[in-house]
file upload.csv (CSV, C-alpha atoms)
chain,number,residue,atom,x,y,z
A,1,PHE,CA,11.2,26.5,-6.0
A,2,ARG,CA,7.5,26.6,-5.3
A,3,LEU,CA,7.5,22.8,-4.8
A,4,LEU,CA,10.4,20.4,-3.9
A,5,TYR,CA,9.3,16.8,-4.3
A,6,LEU,CA,11.4,14.3,-2.5
A,7,SER,CA,11.4,10.7,-1.2
A,8,PRO,CA,11.9,10.4,2.6
A,9,GLU,CA,15.3,8.9,1.9
A,10,THR,CA,16.4,11.9,-0.2
A,11,LEU,CA,14.9,14.4,2.2
A,12,LEU,CA,17.0,12.9,5.0
A,13,ASN,CA,20.2,12.8,2.9
A,14,PRO,CA,22.7,14.9,4.9
A,15,ARG,CA,23.6,17.1,2.0
A,16,VAL,CA,19.9,17.9,1.2
A,17,TRP,CA,19.1,18.3,4.8
A,18,ASP,CA,21.9,20.8,5.4
A,19,CYS,CA,20.5,22.9,2.5
A,20,LEU,CA,17.0,22.8,3.9
A,21,CYS,CA,18.2,23.9,7.3
A,22,GLU,CA,19.7,27.2,6.0
A,23,PRO,CA,18.1,29.9,8.2
A,24,THR,CA,17.3,32.2,5.1
A,25,LEU,CA,15.5,29.4,3.2
A,26,VAL,CA,11.7,29.9,3.8
A,27,ILE,CA,9.7,26.7,4.0
A,28,ASN,CA,6.0,27.2,4.2
A,29,GLY,CA,4.8,23.6,4.6
A,30,LEU,CA,5.6,19.9,4.6
A,31,ILE,CA,3.3,17.7,2.7
A,32,LEU,CA,3.3,13.9,2.9
A,33,ASP,CA,1.6,12.4,-0.2
A,34,GLU,CA,0.5,8.7,-0.3
A,35,ALA,CA,0.7,8.7,3.5
A,36,HIS,CA,-0.4,5.1,3.8
A,37,CYS,CA,3.1,4.2,2.7
A,38,LEU,CA,4.3,5.3,6.1
A,39,VAL,CA,2.0,2.8,7.7
A,40,GLN,CA,2.7,-0.1,5.3
A,41,TRP,CA,6.5,0.3,4.8
A,42,GLY,CA,7.8,2.4,7.7
A,43,ASP,CA,8.7,-0.4,10.0
A,44,THR,CA,9.7,-2.9,7.3
A,45,PHE,CA,11.8,-1.8,4.3
A,46,ARG,CA,11.5,2.0,4.2
A,47,PRO,CA,12.4,3.0,7.7
A,48,ALA,CA,13.1,6.6,6.7
A,49,TYR,CA,9.3,7.1,6.8
A,50,TYR,CA,9.3,6.7,10.6
A,51,ARG,CA,11.8,9.6,11.0
A,52,LEU,CA,9.5,12.1,9.3
A,53,GLY,CA,7.9,13.2,12.6
A,54,ALA,CA,11.2,14.8,13.7
A,55,VAL,CA,11.5,16.9,10.5
A,56,ARG,CA,9.3,19.8,11.3
A,57,PRO,CA,10.5,20.6,14.8
A,58,ALA,CA,14.1,20.2,13.7
A,59,LEU,CA,13.6,22.7,10.8
A,60,LEU,CA,11.8,25.2,13.0
A,61,LYS,CA,14.8,25.3,15.4
A,62,MET,CA,17.0,26.4,12.4
A,63,LYS,CA,14.6,29.1,11.2
A,64,PRO,CA,14.1,32.6,12.5
A,65,ALA,CA,12.0,33.1,15.6
A,66,GLY,CA,8.3,33.2,14.7
A,67,SER,CA,8.6,30.9,11.7
A,68,ARG,CA,5.7,28.7,11.0
A,69,ILE,CA,5.6,25.5,9.0
A,70,ALA,CA,2.3,23.8,8.2
A,71,ILE,CA,2.2,20.0,7.9
A,72,ALA,CA,-0.4,17.8,6.1
A,73,ALA,CA,-0.7,14.2,5.1
A,74,PHE,CA,-2.8,12.9,2.2
A,75,THR,CA,-3.9,9.4,1.2
A,76,ALA,CA,-6.9,7.8,-0.4
A,77,THR,CA,-6.6,4.7,1.8
A,78,ALA,CA,-6.3,5.2,5.5
A,79,ASP,CA,-8.6,3.2,7.8
A,80,PRO,CA,-9.0,4.4,11.4
A,81,GLY,CA,-5.9,2.4,12.5
A,82,ALA,CA,-3.8,3.9,9.8
A,83,GLN,CA,-5.0,7.4,10.7
A,84,GLN,CA,-3.8,6.8,14.3
A,85,THR,CA,-0.4,5.5,13.1
A,86,ILE,CA,0.1,8.5,10.8
A,87,GLN,CA,-0.8,10.9,13.6
A,88,ARG,CA,1.5,9.2,16.1
A,89,ILE,CA,4.5,8.8,13.8
A,90,LEU,CA,4.3,12.4,12.5
A,91,CYS,CA,3.8,13.7,16.0
A,92,LEU,CA,0.6,15.6,15.0
A,93,GLN,CA,-1.0,17.4,17.9
A,94,GLN,CA,-4.8,17.6,17.5
A,95,PRO,CA,-4.7,17.8,13.7
A,96,GLN,CA,-7.7,18.7,11.6
A,97,CYS,CA,-9.0,15.5,9.9
A,98,PHE,CA,-10.8,15.6,6.6
A,99,ARG,CA,-12.3,12.4,5.4
A,100,LEU,CA,-14.0,11.6,2.1
A,101,ASN,CA,-16.3,8.6,1.7
A,102,PRO,CA,-14.4,6.1,-0.6
A,103,TYR,CA,-17.6,4.9,-2.3
A,104,ARG,CA,-17.4,4.9,-6.1
A,105,ALA,CA,-20.8,4.3,-7.7
A,106,ASN,CA,-19.1,3.4,-11.1
A,107,LEU,CA,-16.9,0.7,-9.6
A,108,TYR,CA,-18.3,-2.8,-9.8
A,109,LEU,CA,-16.8,-5.2,-7.3
A,110,SER,CA,-16.7,-9.0,-7.6
A,111,ILE,CA,-14.8,-12.0,-6.2
A,112,ARG,CA,-14.4,-15.1,-8.4
A,113,MET,CA,-13.5,-18.4,-6.7
A,114,VAL,CA,-11.1,-20.7,-8.6
A,115,CYS,CA,-10.3,-24.2,-7.7
A,116,THR,CA,-7.0,-24.9,-9.5
A,117,PRO,CA,-4.0,-22.8,-10.9
A,118,ARG,CA,-5.2,-23.8,-14.4
A,119,GLN,CA,-8.7,-22.5,-13.7
A,120,ARG,CA,-7.3,-19.2,-12.4
A,121,ARG,CA,-5.4,-18.7,-15.7
A,122,GLN,CA,-8.4,-19.8,-17.8
A,123,TYR,CA,-10.7,-17.3,-15.9
A,124,LEU,CA,-8.2,-14.6,-16.6
A,125,LEU,CA,-8.2,-15.3,-20.3
A,126,HIS,CA,-12.0,-15.3,-20.3
A,127,ALA,CA,-12.0,-12.0,-18.5
A,128,LEU,CA,-9.5,-10.5,-20.9
A,129,ARG,CA,-11.5,-11.7,-24.0
A,130,ALA,CA,-14.6,-10.1,-22.5
A,131,ARG,CA,-12.7,-6.8,-22.2
A,132,SER,CA,-11.0,-6.8,-25.6
A,133,ASP,CA,-8.9,-3.6,-26.2
A,134,GLN,CA,-10.1,-2.0,-22.9
A,135,PRO,CA,-7.2,-0.7,-20.8
A,136,GLY,CA,-6.7,-2.3,-17.5
A,137,LEU,CA,-4.3,-3.7,-14.9
A,138,VAL,CA,-3.5,-7.2,-13.6
A,139,TYR,CA,-2.1,-7.3,-10.1
A,140,VAL,CA,0.1,-10.1,-8.7
A,141,ARG,CA,2.1,-10.1,-5.5
A,142,THR,CA,5.7,-11.0,-6.5
A,143,ARG,CA,8.2,-10.0,-9.1
A,144,GLN,CA,8.5,-13.6,-10.4
A,145,ASP,CA,4.7,-13.9,-10.7
A,146,SER,CA,4.6,-10.7,-12.8
A,147,GLU,CA,7.4,-12.0,-15.1
A,148,ASP,CA,5.9,-15.4,-15.6
A,149,LEU,CA,2.3,-14.3,-16.1
A,150,ALA,CA,3.2,-11.5,-18.5
A,151,LEU,CA,5.3,-13.9,-20.6
A,152,TRP,CA,2.4,-16.4,-20.7
A,153,LEU,CA,-0.1,-13.8,-21.7
A,154,ALA,CA,2.3,-12.3,-24.4
A,155,ASN,CA,2.4,-15.9,-25.8
A,156,GLN,CA,-1.4,-15.8,-25.9
A,157,GLY,CA,-1.2,-12.7,-28.2
A,158,TYR,CA,-1.8,-9.9,-25.6
A,159,ARG,CA,0.0,-6.6,-25.6
A,160,THR,CA,1.4,-6.5,-22.1
A,161,ALA,CA,4.5,-6.3,-20.0
A,162,ALA,CA,5.7,-7.1,-16.5
A,163,TYR,CA,6.2,-4.3,-14.0
A,164,HIS,CA,7.9,-4.5,-10.6
A,165,ALA,CA,10.3,-2.7,-8.4
A,166,GLY,CA,13.2,-4.8,-9.6
A,167,LEU,CA,13.2,-3.1,-13.1
A,168,ALA,CA,15.6,-0.3,-13.8
A,169,ALA,CA,14.1,3.2,-13.7
A,170,PRO,CA,14.3,3.8,-17.5
A,171,GLU,CA,12.5,0.5,-18.1
A,172,ARG,CA,9.7,1.3,-15.7
A,173,ARG,CA,9.2,4.7,-17.3
A,174,MET,CA,9.1,3.1,-20.7
A,175,ILE,CA,6.4,0.6,-19.6
A,176,GLU,CA,4.4,3.4,-17.9
A,177,GLN,CA,4.4,5.6,-21.0
A,178,ALA,CA,3.5,2.7,-23.3
A,179,TRP,CA,0.5,1.9,-21.1
A,180,LEU,CA,-0.6,5.5,-20.8
A,181,ALA,CA,-0.4,5.8,-24.6
A,182,SER,CA,-2.4,2.5,-25.0
A,183,GLU,CA,0.5,0.8,-26.8
A,184,LEU,CA,0.0,-1.8,-24.1
A,185,GLN,CA,-3.5,-2.9,-23.3
A,186,PHE,CA,-2.6,-3.8,-19.7
A,187,VAL,CA,0.4,-4.3,-17.4
A,188,VAL,CA,1.0,-7.3,-15.2
A,189,CYS,CA,2.2,-5.6,-12.1
A,190,THR,CA,3.0,-5.7,-8.4
A,191,CYS,CA,2.1,-3.0,-5.9
A,192,ALA,CA,5.0,-1.0,-7.3
A,193,PHE,CA,2.8,0.2,-10.1
A,194,GLY,CA,0.2,2.9,-9.8
A,195,MET,CA,1.0,5.6,-7.4
A,196,GLY,CA,1.5,8.9,-9.2
A,197,ILE,CA,0.1,7.5,-12.5
A,198,ASN,CA,-3.3,8.7,-13.7
A,199,LYS,CA,-5.0,7.1,-16.6
A,200,PRO,CA,-8.7,8.0,-16.5
A,201,ASP,CA,-10.1,5.4,-18.8
A,202,VAL,CA,-9.0,2.2,-17.0
A,203,ARG,CA,-12.0,0.0,-17.4
A,204,TRP,CA,-10.9,-2.9,-15.2
A,205,VAL,CA,-8.5,-4.1,-12.5
A,206,ILE,CA,-8.1,-7.8,-12.0
A,207,HIS,CA,-6.4,-9.2,-8.9
A,208,PHE,CA,-4.8,-12.4,-10.1
A,209,HIS,CA,-3.5,-12.6,-6.5
A,210,VAL,CA,-5.2,-10.5,-3.8
A,211,PRO,CA,-3.1,-8.3,-1.4
A,212,LEU,CA,-2.7,-9.0,2.3
A,213,LEU,CA,-4.3,-5.7,3.3
A,214,LEU,CA,-7.6,-4.2,2.6
A,215,SER,CA,-6.0,-0.8,2.2
A,216,GLU,CA,-3.8,-2.1,-0.6
A,217,TYR,CA,-6.8,-3.6,-2.3
A,218,VAL,CA,-8.7,-0.3,-2.2
A,219,GLN,CA,-5.6,1.6,-3.4
A,220,GLU,CA,-5.2,-0.8,-6.4
A,221,ILE,CA,-8.9,-1.0,-7.5
A,222,GLY,CA,-8.9,2.8,-7.3
A,223,ARG,CA,-6.8,3.0,-10.5
A,224,ALA,CA,-10.0,2.1,-12.4
A,225,GLY,CA,-12.8,4.3,-13.6
A,226,ARG,CA,-11.4,7.7,-12.8
A,227,ASP,CA,-13.4,9.1,-15.7
A,228,GLY,CA,-16.6,8.2,-13.9
A,229,LEU,CA,-17.7,5.5,-16.3
A,230,ARG,CA,-18.4,1.9,-15.3
A,231,SER,CA,-15.3,-0.1,-14.5
A,232,ASP,CA,-14.9,-3.6,-13.0
A,233,ALA,CA,-12.7,-4.8,-10.1
A,234,VAL,CA,-12.4,-8.5,-10.1
A,235,ALA,CA,-10.4,-10.6,-7.6
A,236,LEU,CA,-9.5,-14.2,-8.1
A,237,VAL,CA,-9.2,-16.3,-4.9
A,238,SER,CA,-8.7,-20.0,-4.1
A,239,GLU,CA,-11.6,-21.9,-2.6
A,240,PRO,CA,-11.4,-21.6,1.2
A,241,THR,CA,-10.1,-25.0,2.1
A,242,GLY,CA,-7.0,-24.7,-0.2
A,243,TRP,CA,-7.1,-28.4,-0.8
A,244,LEU,CA,-7.1,-28.1,-4.6
A,245,ASP,CA,-5.1,-24.9,-4.8
A,246,PRO,CA,-3.2,-24.0,-1.7
A,247,SER,CA,-1.3,-21.1,-3.4
A,248,ASP,CA,-3.3,-18.3,-1.9
A,249,ASN,CA,-2.9,-19.6,1.7
A,250,GLN,CA,0.8,-20.4,1.0
A,251,ARG,CA,1.4,-16.9,-0.3
A,252,GLN,CA,-0.3,-15.3,2.7
A,253,ARG,CA,1.7,-17.4,5.1
A,254,PHE,CA,4.9,-16.6,3.3
A,255,PHE,CA,4.5,-12.8,3.6
A,256,GLN,CA,3.4,-13.1,7.2
A,257,ARG,CA,6.4,-15.3,8.1
A,258,LYS,CA,8.7,-12.9,6.3
A,259,LEU,CA,7.3,-9.9,8.2
A,260,LYS,CA,7.5,-11.7,11.5
A,261,ALA,CA,11.1,-12.8,10.8
A,262,GLN,CA,12.0,-9.1,10.1
A,263,ARG,CA,10.4,-8.0,13.3
A,264,ARG,CA,12.1,-10.8,15.4
A,265,ALA,CA,15.5,-9.9,13.9
A,266,ALA,CA,14.9,-6.2,14.7
A,267,GLN,CA,13.8,-7.0,18.2
A,268,GLN,CA,16.9,-9.1,18.8
A,269,LEU,CA,19.1,-6.4,17.4
A,270,ALA,CA,17.4,-3.7,19.5
A,271,THR,CA,18.9,-5.3,22.6
A,272,LYS,CA,22.4,-4.5,21.3
A,273,LEU,CA,21.8,-0.8,20.6
A,274,PRO,CA,23.0,1.9,22.9
A,275,PRO,CA,20.3,3.9,24.7
A,276,GLN,CA,21.0,6.9,22.5
A,277,GLY,CA,23.0,7.6,19.3
A,278,ASP,CA,22.8,8.6,15.7
A,279,ILE,CA,21.4,6.5,12.8
A,280,SER,CA,24.5,6.8,10.6
A,281,THR,CA,26.7,5.1,13.3
A,282,ILE,CA,24.0,2.4,14.0
A,283,SER,CA,23.7,1.7,10.2
A,284,ARG,CA,27.4,1.2,9.9
A,285,GLN,CA,27.7,-1.0,12.9
A,286,PHE,CA,24.6,-3.2,12.2
A,287,LYS,CA,23.3,-4.4,8.9
A,288,ASP,CA,19.6,-3.8,9.8
A,289,GLY,CA,20.2,-1.1,12.3
A,290,ALA,CA,17.7,1.4,10.7
A,291,LEU,CA,15.0,-1.2,10.7
A,292,ALA,CA,15.6,-2.0,14.4
A,293,LEU,CA,15.3,1.7,15.2
A,294,SER,CA,12.0,1.9,13.3
A,295,TRP,CA,10.7,-1.2,15.0
A,296,LEU,CA,11.5,0.3,18.4
A,297,GLN,CA,9.8,3.6,17.4
A,298,GLY,CA,6.7,1.7,16.0
A,299,SER,CA,6.4,-0.2,19.3
A,300,GLY,CA,6.6,3.0,21.3
A,301,GLN,CA,10.2,2.5,22.7
A,302,LEU,CA,12.1,5.2,20.9
A,303,HIS,CA,12.0,8.9,20.4
A,304,TRP,CA,13.8,10.9,17.7
A,305,GLN,CA,15.5,14.1,19.0
A,306,ASP,CA,15.9,15.1,15.4
A,307,PRO,CA,15.8,13.1,12.1
A,308,PHE,CA,19.3,11.7,12.9
A,309,HIS,CA,19.6,11.2,16.6
A,310,TYR,CA,17.5,8.9,18.8
A,311,VAL,CA,16.9,8.2,22.5
A,312,LEU,CA,15.4,5.0,23.8
A,313,SER,CA,12.3,5.5,25.9
A,314,THR,CA,12.4,4.7,29.6
A,315,SER,CA,8.7,3.9,29.6
A,316,ASP,CA,7.6,0.5,28.2
A,317,ARG,CA,4.7,1.6,26.0
A,318,ARG,CA,4.7,-1.2,23.5
A,319,VAL,CA,2.4,-1.6,20.6
A,320,ALA,CA,1.5,-5.2,19.7
A,321,LEU,CA,2.6,-4.9,16.1
A,322,ASP,CA,2.2,-8.6,15.2
A,323,LYS,CA,-1.3,-8.6,16.6
A,324,LEU,CA,-2.2,-5.5,14.5
A,325,ASP,CA,-0.8,-7.3,11.4
A,326,SER,CA,-2.9,-10.4,12.1
A,327,GLN,CA,-6.0,-8.3,12.5
A,328,ALA,CA,-5.3,-6.6,9.2
A,329,ALA,CA,-4.9,-9.9,7.4
A,330,GLN,CA,-8.1,-11.2,8.9
A,331,GLN,CA,-9.9,-8.1,7.7
A,332,MET,CA,-8.9,-8.8,4.1
A,333,THR,CA,-10.0,-12.5,4.4
A,334,ALA,CA,-13.3,-11.4,5.9
A,335,TYR,CA,-13.9,-9.1,2.9
A,336,LEU,CA,-13.3,-11.8,0.4
A,337,ARG,CA,-15.7,-14.2,2.2
A,338,THR,CA,-18.5,-11.7,3.2
A,339,ARG,CA,-22.0,-12.3,1.9
A,340,GLN,CA,-23.1,-8.7,2.6
A,341,CYS,CA,-22.7,-5.7,0.2
A,342,ARG,CA,-19.0,-5.4,-0.5
A,343,TRP,CA,-19.1,-1.6,-0.5
A,344,ARG,CA,-20.9,-1.7,2.8
A,345,TYR,CA,-18.0,-3.8,4.2
A,346,LEU,CA,-15.4,-1.4,2.8
A,347,LEU,CA,-17.2,1.7,4.2
A,348,HIS,CA,-17.5,0.1,7.6
A,349,SER,CA,-13.8,-0.9,7.6
A,350,PHE,CA,-12.7,2.6,6.8
A,351,GLY,CA,-14.8,4.1,9.6
A,352,PHE,CA,-17.8,5.4,7.7
A,353,ILE,CA,-20.2,3.5,9.9
A,354,GLN,CA,-23.4,5.5,9.3
A,355,ALA,CA,-23.0,5.5,5.5
A,356,ALA,CA,-22.2,1.7,5.7
A,357,GLU,CA,-25.5,1.0,7.5
A,358,MET,CA,-27.5,2.5,4.7
A,359,MET,CA,-25.4,0.9,1.9
A,360,HIS,CA,-26.7,-1.7,-0.5
A,361,CYS,CA,-24.8,-0.7,-3.7
A,362,GLY,CA,-26.6,-2.9,-6.2
A,363,HIS,CA,-23.4,-3.3,-8.2
A,364,CYS,CA,-21.2,-5.8,-6.4
A,365,ASP,CA,-21.5,-9.5,-6.9
A,366,ASN,CA,-23.3,-10.0,-3.5
A,367,CYS,CA,-25.9,-7.4,-4.2
A,368,CYS,CA,-26.5,-8.7,-7.7
A,369,ARG,CA,-26.8,-12.2,-6.5
A,370,ALA,CA,-29.4,-11.2,-3.9
A,371,ARG,CA,-31.4,-9.7,-6.7
A,372,GLY,CA,-31.1,-12.7,-9.0
A,373,ARG,CA,-28.8,-11.1,-11.6
A,374,ASP,CA,-25.2,-11.3,-12.7
A,375,ILE,CA,-22.8,-8.4,-12.3
call {"tool": "encode", "arguments": {"input": "upload.csv", "output": "structure tokens"}}
result
Amino acid sequence: FRLLYLSPETLLNPRVWDCLCEPTLVINGLILDEAHCLVQWGDTFRPAYYRLGAVRPALLKMKPAGSRIAIAAFTATADPGAQQTIQRILCLQQPQCFRLNPYRANLYLSIRMVCTPRQRRQYLLHALRARSDQPGLVYVRTRQDSEDLALWLANQGYRTAAYHAGLAAPERRMIEQAWLASELQFVVCTCAFGMGINKPDVRWVIHFHVPLLLSEYVQEIGRAGRDGLRSDAVALVSEPTGWLDPSDNQRQRFFQRKLKAQRRAAQQLATKLPPQGDISTISRQFKDGALALSWLQGSGQLHWQDPFHYVLSTSDRRVALDKLDSQAAQQMTAYLRTRQCRWRYLLHSFGFIQAAEMMHCGHCDNCCRARGRDI
């Protein structure tokens, strides 16, 4: 094979791993695509991501002396904090870092405030009518939301379908192909839709519900306008007080509580783990043992000897994960409420400070409002 494309979980399947460790098998490089997934999922529901840093040194031990294995990570959405996490978890020593400015001159950004759930749906209908037959995507945050909204829109006469991680693989592939072939105008989807799918003529992305993280938002609006032509990214948000429509605030608090509960459970379980061991034994003994190990690693208290065996660290170099999560959520809220150029805010958040200082894009809602015109 010239390319072997694997999920982290498949890579670390013992049978696959044994094949890769064969001394005669030449491996030239390890590539982590969509590397932001390591940051967003590695210490929650995809703990295998956090074991990837041990892969390269373990493989090198099994190969002939003098073997070299290059390693690289790619993502379109890594802010400075995510870059540091990727470097730390992958155990990269002084890596070369190549960054491209995320600014897209053809992508028009706007936030629309809605006061009630009914008004949110009515604005969505208005936006869809204005974009008749143009391909697009509607993002929601939960599986149930995607099912409910897709059914409602289908009853309004739209060619659409719900897409989320709970669907069987054949059904997901069928929906993807129908959308790519323009048999469906748009898909009502969760964050499960998009990575690895390229449709150049997507003219719009509507966030019926906004994500918790700015990196998720940038990833999702990045589906639009890959052909270089004008495309719109519209996000619908409740008015700030939440008195008339508390759903946005409730949704954000729900996900934050869920994440904190996961972390508390992992932290409690971590006190029961032996100071060293292997992940298969821990996973058999404890229901969420793998998550506890990834939490310990993420907080700087665990080291992987290889992808399967760990040692708890004697030094207490803890990372305040809850504080980082809170800062990330506040960053998204600040973006939604900013009165400055939205592209300027995004560039600044992703570390392009000099470019941000000179940015007044002229095609976000704030820039257009300042010039007395509509987007």
call {"tool": "closest_atom_pairs", "arguments": {"input": "upload.csv", "of": "region 173-230 of chain A", "to": "region 40-49 of chain A", "cutoff": "12 Å", "atoms": "only C-alpha atoms", "output": "Markdown table"}}
result
| residue | atom | partner | partner_atom | distance |
| --- | --- | --- | --- | --- |
| A:Cys191 | CA | A:Gln40 | CA | 11.6 |
| A:Leu212 | CA | A:Gln40 | CA | 10.8 |
| A:Leu213 | CA | A:Gln40 | CA | 9.2 |
| A:Leu214 | CA | A:Gln40 | CA | 11.4 |
| A:Ser215 | CA | A:Gln40 | CA | 9.3 |
| A:Glu216 | CA | A:Gln40 | CA | 9.0 |
call {"tool": "closest_residue", "arguments": {"input": "upload.csv", "among": "A:Ser110, A:Thr24, A:Ser313, A:Gln256", "to": "Cys368 (chain A)", "atoms": "all atoms listed in the file"}}
result
A:Ser110
call {"tool": "closest_residue", "arguments": {"input": "upload.csv", "among": "A:Pro275, A:Asn101, A:Arg88, A:Gln327", "to": "Leu302 (chain A)", "atoms": "all atoms listed in the file"}}
result
A:Pro275
call {"tool": "residues_around", "arguments": {"input": "upload.csv", "residues": "Phe186 (chain A)", "least_positions_apart": "3", "cutoff": "12 Å", "atoms": "only C-alpha atoms", "output": "NGL selection string"}}
result
:A and (128 or 131-139 or 150 or 153-154 or 158-163 or 175-183 or 189 or 193 or 199 or 201-206 or 224)
call {"tool": "residues_around", "arguments": {"input": "upload.csv", "residues": "Arg371 (chain A)", "least_positions_apart": "3", "cutoff": "12 Å", "atoms": "only C-alpha atoms", "output": "JSON, numbers by chain"}}
result
{"A": [341, 360, 361, 362, 363, 364, 365, 366, 367, 368, 374, 375]}
call {"tool": "residues_around", "arguments": {"input": "upload.csv", "residues": "Gln297 (chain A)", "least_positions_apart": "2", "cutoff": "10 Å", "atoms": "all atoms listed in the file", "output": "VMD selection string"}}
result
chain A and resid 42 to 43 50 to 51 89 291 to 295 299 to 304 310 to 313 318 to 319
call {"tool": "atom_distance", "arguments": {"input": "upload.csv", "atom1": "CA of Cys97 (chain A)", "atom2": "CA of Thr77 (chain A)"}}
result
13.7 Å
call {"tool": "residues_around", "arguments": {"input": "upload.csv", "residues": "Ala334 (chain A)", "least_positions_apart": "3", "cutoff": "12 Å", "atoms": "all atoms listed in the file", "output": "number ranges by chain"}}
result
A: 212-214, 240, 327-331, 337-340, 342, 345-346, 349
call {"tool": "residues_near_point", "arguments": {"input": "upload.csv", "point": "(4.7, 11.0, -0.4)", "cutoff": "8 Å", "atoms": "all atoms listed in the file", "output": "list in words"}}
result
Leu6, Ser7, Pro8, Ile31, Leu32, Asp33, Glu34, Ala35 and Cys37 of chain A
call {"tool": "residues_around", "arguments": {"input": "upload.csv", "residues": "region 248-251 of chain A", "least_positions_apart": "4", "cutoff": "12 Å", "atoms": "only C-alpha atoms", "output": "PyMOL selection string"}}
result
chain A and resi 113-117+120+140-142+145+207-212+235-244+255-258+329+333
call {"tool": "closest_residue", "arguments": {"input": "upload.csv", "among": "A:Ala76, A:Leu149, A:Ala169, A:Met332", "to": "Leu124 (chain A)", "atoms": "only C-alpha atoms"}}
result
A:Leu149
call {"tool": "atom_distance", "arguments": {"input": "upload.csv", "atom1": "CA of Ala73 (chain A)", "atom2": "CA of Pro307 (chain A)"}}
result
18.0 Å
call {"tool": "atom_distance", "arguments": {"input": "upload.csv", "atom1": "CA of Leu12 (chain A)", "atom2": "CA of Ala54 (chain A)"}}
result
10.6 Å
call {"tool": "decode", "arguments": {"input": "upload.csv", "residues": "region 142-147 of chain A", "atoms": "all heavy atoms", "output": "PDB file, in the first residue's frame"}}
result
ATOM      1  N   THR A 142     -27.887  18.469  18.208  1.00  0.00           N
ATOM      2  CA  THR A 142     -28.218  17.138  18.721  1.00  0.00           C
ATOM      3  C   THR A 142     -28.891  16.293  17.650  1.00  0.00           C
ATOM      4  O   THR A 142     -29.445  16.813  16.677  1.00  0.00           O
ATOM      5  CB  THR A 142     -29.155  17.207  19.943  1.00  0.00           C
ATOM      6  OG1 THR A 142     -30.453  17.653  19.527  1.00  0.00           O
ATOM      7  CG2 THR A 142     -28.607  18.157  21.011  1.00  0.00           C
ATOM      8  N   ARG A 143     -28.855  14.988  17.854  1.00  0.00           N
ATOM      9  CA  ARG A 143     -29.486  14.059  16.921  1.00  0.00           C
ATOM     10  C   ARG A 143     -30.989  14.311  16.839  1.00  0.00           C
ATOM     11  O   ARG A 143     -31.566  14.322  15.745  1.00  0.00           O
ATOM     12  CB  ARG A 143     -29.221  12.617  17.369  1.00  0.00           C
ATOM     13  CG  ARG A 143     -27.754  12.243  17.393  1.00  0.00           C
ATOM     14  CD  ARG A 143     -27.559  10.822  17.909  1.00  0.00           C
ATOM     15  NE  ARG A 143     -26.136  10.478  17.998  1.00  0.00           N
ATOM     16  CZ  ARG A 143     -25.685   9.287  18.337  1.00  0.00           C
ATOM     17  NH1 ARG A 143     -26.540   8.314  18.645  1.00  0.00           N
ATOM     18  NH2 ARG A 143     -24.385   9.051  18.395  1.00  0.00           N
ATOM     19  N   GLN A 144     -31.613  14.512  18.009  1.00  0.00           N
ATOM     20  CA  GLN A 144     -33.057  14.721  18.017  1.00  0.00           C
ATOM     21  C   GLN A 144     -33.444  15.995  17.276  1.00  0.00           C
ATOM     22  O   GLN A 144     -34.442  16.029  16.542  1.00  0.00           O
ATOM     23  CB  GLN A 144     -33.579  14.770  19.456  1.00  0.00           C
ATOM     24  CG  GLN A 144     -35.102  14.720  19.570  1.00  0.00           C
ATOM     25  CD  GLN A 144     -35.668  13.439  18.987  1.00  0.00           C
ATOM     26  OE1 GLN A 144     -35.263  12.348  19.366  1.00  0.00           O
ATOM     27  NE2 GLN A 144     -36.610  13.556  18.054  1.00  0.00           N
ATOM     28  N   ASP A 145     -32.657  17.042  17.455  1.00  0.00           N
ATOM     29  CA  ASP A 145     -32.919  18.296  16.737  1.00  0.00           C
ATOM     30  C   ASP A 145     -32.864  18.084  15.226  1.00  0.00           C
ATOM     31  O   ASP A 145     -33.677  18.633  14.479  1.00  0.00           O
ATOM     32  CB  ASP A 145     -31.901  19.368  17.141  1.00  0.00           C
ATOM     33  CG  ASP A 145     -32.171  19.940  18.524  1.00  0.00           C
ATOM     34  OD1 ASP A 145     -33.342  19.970  18.928  1.00  0.00           O
ATOM     35  OD2 ASP A 145     -31.196  20.347  19.186  1.00  0.00           O
ATOM     36  N   SER A 146     -31.897  17.290  14.770  1.00  0.00           N
ATOM     37  CA  SER A 146     -31.778  17.069  13.326  1.00  0.00           C
ATOM     38  C   SER A 146     -32.985  16.306  12.792  1.00  0.00           C
ATOM     39  O   SER A 146     -33.513  16.624  11.720  1.00  0.00           O
ATOM     40  CB  SER A 146     -30.483  16.322  13.008  1.00  0.00           C
ATOM     41  OG  SER A 146     -30.500  15.002  13.498  1.00  0.00           O
ATOM     42  N   GLU A 147     -33.438  15.307  13.539  1.00  0.00           N
ATOM     43  CA  GLU A 147     -34.611  14.530  13.119  1.00  0.00           C
ATOM     44  C   GLU A 147     -35.857  15.404  13.079  1.00  0.00           C
ATOM     45  O   GLU A 147     -36.617  15.392  12.101  1.00  0.00           O
ATOM     46  CB  GLU A 147     -34.828  13.349  14.073  1.00  0.00           C
ATOM     47  CG  GLU A 147     -33.703  12.329  14.110  1.00  0.00           C
ATOM     48  CD  GLU A 147     -33.773  11.351  12.951  1.00  0.00           C
ATOM     49  OE1 GLU A 147     -34.699  11.453  12.135  1.00  0.00           O
ATOM     50  OE2 GLU A 147     -32.878  10.483  12.869  1.00  0.00           O
TER      51      GLU A 147
END
